[in-house]
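Written below as structure tokens is the structure these notes are about.
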Amino acid sequence: MKKLSSVALGIPPSPTIAIDDAVRSLKAQGVDVLSLGAGQPDFQTPEDVQQAGIRAITGGDTKYTSVAGTTEFREAVAEKLGRENGLHVGPEQVMAAAGVKHALYHALLALVEPGSEVVIPSPCWPSYRDMVRLAGGTPVDAPLDDASGFALDAGRIAAAVTPKTRVVLVNSPCNPTGAVATRAELEAIGRLAVERDLWIITDEIYEKLLYDGAEAVSLASLGPEFAERTITLNGFSKAFAMTGWRIGFAAGPRHVVDVMTALQSQTSGNCSSIAQKAAAFALRGADPGPLRHMQGAFAARRELVLRAIAGWSGARIHAPRGAFYAFVDLSEYAARLPGPFDPNALARHLLAEARVAVVPGEAFGDARYARLSFATSEDILNEALGRIGSALEALL
Ligand code: PMP
Ligand code: GLU
């Protein structure tokens with residue numbers, strides 16, 4: 001038989017998704033396993049947003065929409081960006097997509113070509129690197145300093161820029177590190193992009209999940225000279241617990257959004273008409289109570305996780321200021337495992353000994369770490385953290 005595409009064969013399955021697939025299959029075999037793996041809120045989509053989706057179905061919003069999204073959705077997003085992010089765009093600068101994932105893929109397809117480099121501050125969400133490869137480009141890591149809590153340092157990003165660089169991809173609040181970039185850090189990246197004539201893609205999906213007074217700033221709001229070269233991505237998966245609805249958006253310069261829309265017309269067409277209706281309602285009319293409840297629950301879980309980790313004598317962590325992950329340095333324990341160093345060995349050990357799934361830090365770009373998601377109930381967290389703590393301390 002003919003071979004498969006070498007590009008496709010070079011793309012591994014998303015490691016964050018693979019973890020939960022593995023947990024599901026273990027559970028199906030009757031194994032008592034807990035997951036602190038993939039990050040998705042354990043909450044239900046708020047009731048009023050659910051009802052907006054149901055009304056969309058019964059009211060006949062079940063047809064193709066414009067590829068870039070309905071006028072209602074695009075207007076609701078433009079209003080939200082102005083109101084909450086200080087970013088003033090028209091609805092024609094917005095494209096609805098099947099999640100931030102799909103919006104990002106089309107942004108990369110629009111900006112990247114063979115030979116282009118995309119600089120990605122690392123550690124980062126694993127899909128960034130593989131999507132750049134799928135778009136024909138080369139991902140280039142800009143390693144951040146863990147001593148600073150992986151602060152978004154424009155100097156380190158500048159050091160990774162070459163004449164081939166097209167795009168800098170920024171994610172704040174960051175998955176996995178929980179770092180939240182300051183206004184000054186983002187301005188420095190904006191200035192770098194202007195000086196070196198680069199595009200910026202900024203993934204702001206965790207903007208609503210902040211702790212200890214952290215503030216989420218939209219890079220494109222910091223000046224028109226930045227906005228003209230920035231594609232802002234955001235969605236509903238995290239803030240409104242809508243992972244399964246597959247809805248997100250990109251906003252940016254009109255000519256880039258038009259190219260992304262032409263691409264999307266050839267790949268998926270519009271994203272779900274029903275999800276667009278529910279998401280527009282979420283932005284314009286939803287009761288803020290459930291969002292506040294989820295934010296409070298995540299903040300309490302974060303405290304619980306940090307308390308547990310403080311009791312693990314060999315662990316080191318910078319408290320996350322955003323998102324819902326604890327990115328913890330467990331290298332002291334990994335060094336005690338028998339055999340030559342294997343970046344996935346500690347996660348395997350925890351799955352075997354503690355029956356808890358975590359994502360190895362290597363997937364994000366730093367093998368000393370593991371990522372523990374706290375988007376799960378306090379009961380599960382207590383049990384899982386207790387089991388991990390015992391398995392780790394037994395190694396010392
Ligand atoms: N960006 C980051 C940083 C993420 O962690 C995720 C994971 N869900 C996504 C994008 C994708 O989100 P969506 O469900 O909107 O595709
Ligand atoms: N973003 C989540 C995570 O990092 C969900 C899985 C994925 O889309 O990668 O776990």
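Lettering and numbering for the structure tokens are positional, with chains as A, B, ... in the shown order, residues counted from 1 in each chain, and ligands counted from 1 in the shown order.
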
Quick one: contact table of chain A to ligand 1, 9 Å max, nearest atom pair and distance in Å to one decimal per residue, counting only C-alpha atoms and all ligand atoms, chain and number order, as CSV?
residue,atom,partner,partner_atom_place_in_ligand_line,distance
A:Thr16,CA,ligand 1,7 (C),8.6
A:Ala38,CA,ligand 1,7 (C),8.2
A:Gly39,CA,ligand 1,8 (N),6.7
A:Gln40,CA,ligand 1,8 (N),6.8
A:Ala97,CA,ligand 1,15 (O),8.7
A:Ala98,CA,ligand 1,16 (O),6.7
A:Gly99,CA,ligand 1,15 (O),3.5
A:Val100,CA,ligand 1,15 (O),3.7
A:Lys101,CA,ligand 1,16 (O),3.8
A:His102,CA,ligand 1,16 (O),6.4
A:Ala103,CA,ligand 1,16 (O),7.9
A:Leu104,CA,ligand 1,10 (C),8.0
A:Cys124,CA,ligand 1,3 (C),7.7
A:Trp125,CA,ligand 1,3 (C),5.6
A:Pro126,CA,ligand 1,3 (C),8.9
A:Ser127,CA,ligand 1,1 (N),8.2
A:Tyr128,CA,ligand 1,1 (N),8.4
A:Asn171,CA,ligand 1,3 (C),6.3
A:Ser172,CA,ligand 1,3 (C),8.1
A:Pro173,CA,ligand 1,3 (C),8.1
A:Cys174,CA,ligand 1,3 (C),6.4
A:Asn175,CA,ligand 1,3 (C),5.0
A:Pro176,CA,ligand 1,5 (O),7.7
A:Asp203,CA,ligand 1,1 (N),6.0
A:Glu204,CA,ligand 1,3 (C),7.6
A:Ile205,CA,ligand 1,1 (N),5.9
A:Tyr206,CA,ligand 1,3 (C),7.3
A:Leu233,CA,ligand 1,10 (C),8.4
A:Asn234,CA,ligand 1,15 (O),7.0
A:Gly235,CA,ligand 1,15 (O),5.0
A:Phe236,CA,ligand 1,15 (O),6.3
A:Ser237,CA,ligand 1,14 (O),4.9
A:Lys238,CA,ligand 1,8 (N),7.3
A:Met242,CA,ligand 1,14 (O),7.8
A:Thr243,CA,ligand 1,14 (O),5.0
A:Gly244,CA,ligand 1,14 (O),7.6
A:Trp245,CA,ligand 1,14 (O),8.4
A:Arg246,CA,ligand 1,14 (O),6.1
A:Ile247,CA,ligand 1,15 (O),6.1
A:Gly248,CA,ligand 1,15 (O),5.3
A:Phe249,CA,ligand 1,15 (O),8.3
A:Ala323,CA,ligand 1,5 (O),8.5

Legend entry - Members of segment 73-199 of chain A assigned helix (DSSP H, G or I) by DSSP, as a PyMOL selection string: chain A and resi 73-85+91-93+99-111+127-134+146-148+154-160+183-196

Inset, instruction - Write out as a ChimeraX atom specification all residues of segment 190-348 of chain A that backbone DSSP assigns to strand (DSSP E or B). - result: /A:199-203,210,230-235,248-251,316-317,322,325-329

Legend entry - From A:Glu113, A:Ala193, A:Phe240, A:Val167, residue lying nearest Gly289 of chain A [only C-alpha atoms]: A:Phe240

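With atom CA of Arg371 of chain A on one side and atom CA of Ala326 of chain A on the other, the separation reads 5.8 Å.
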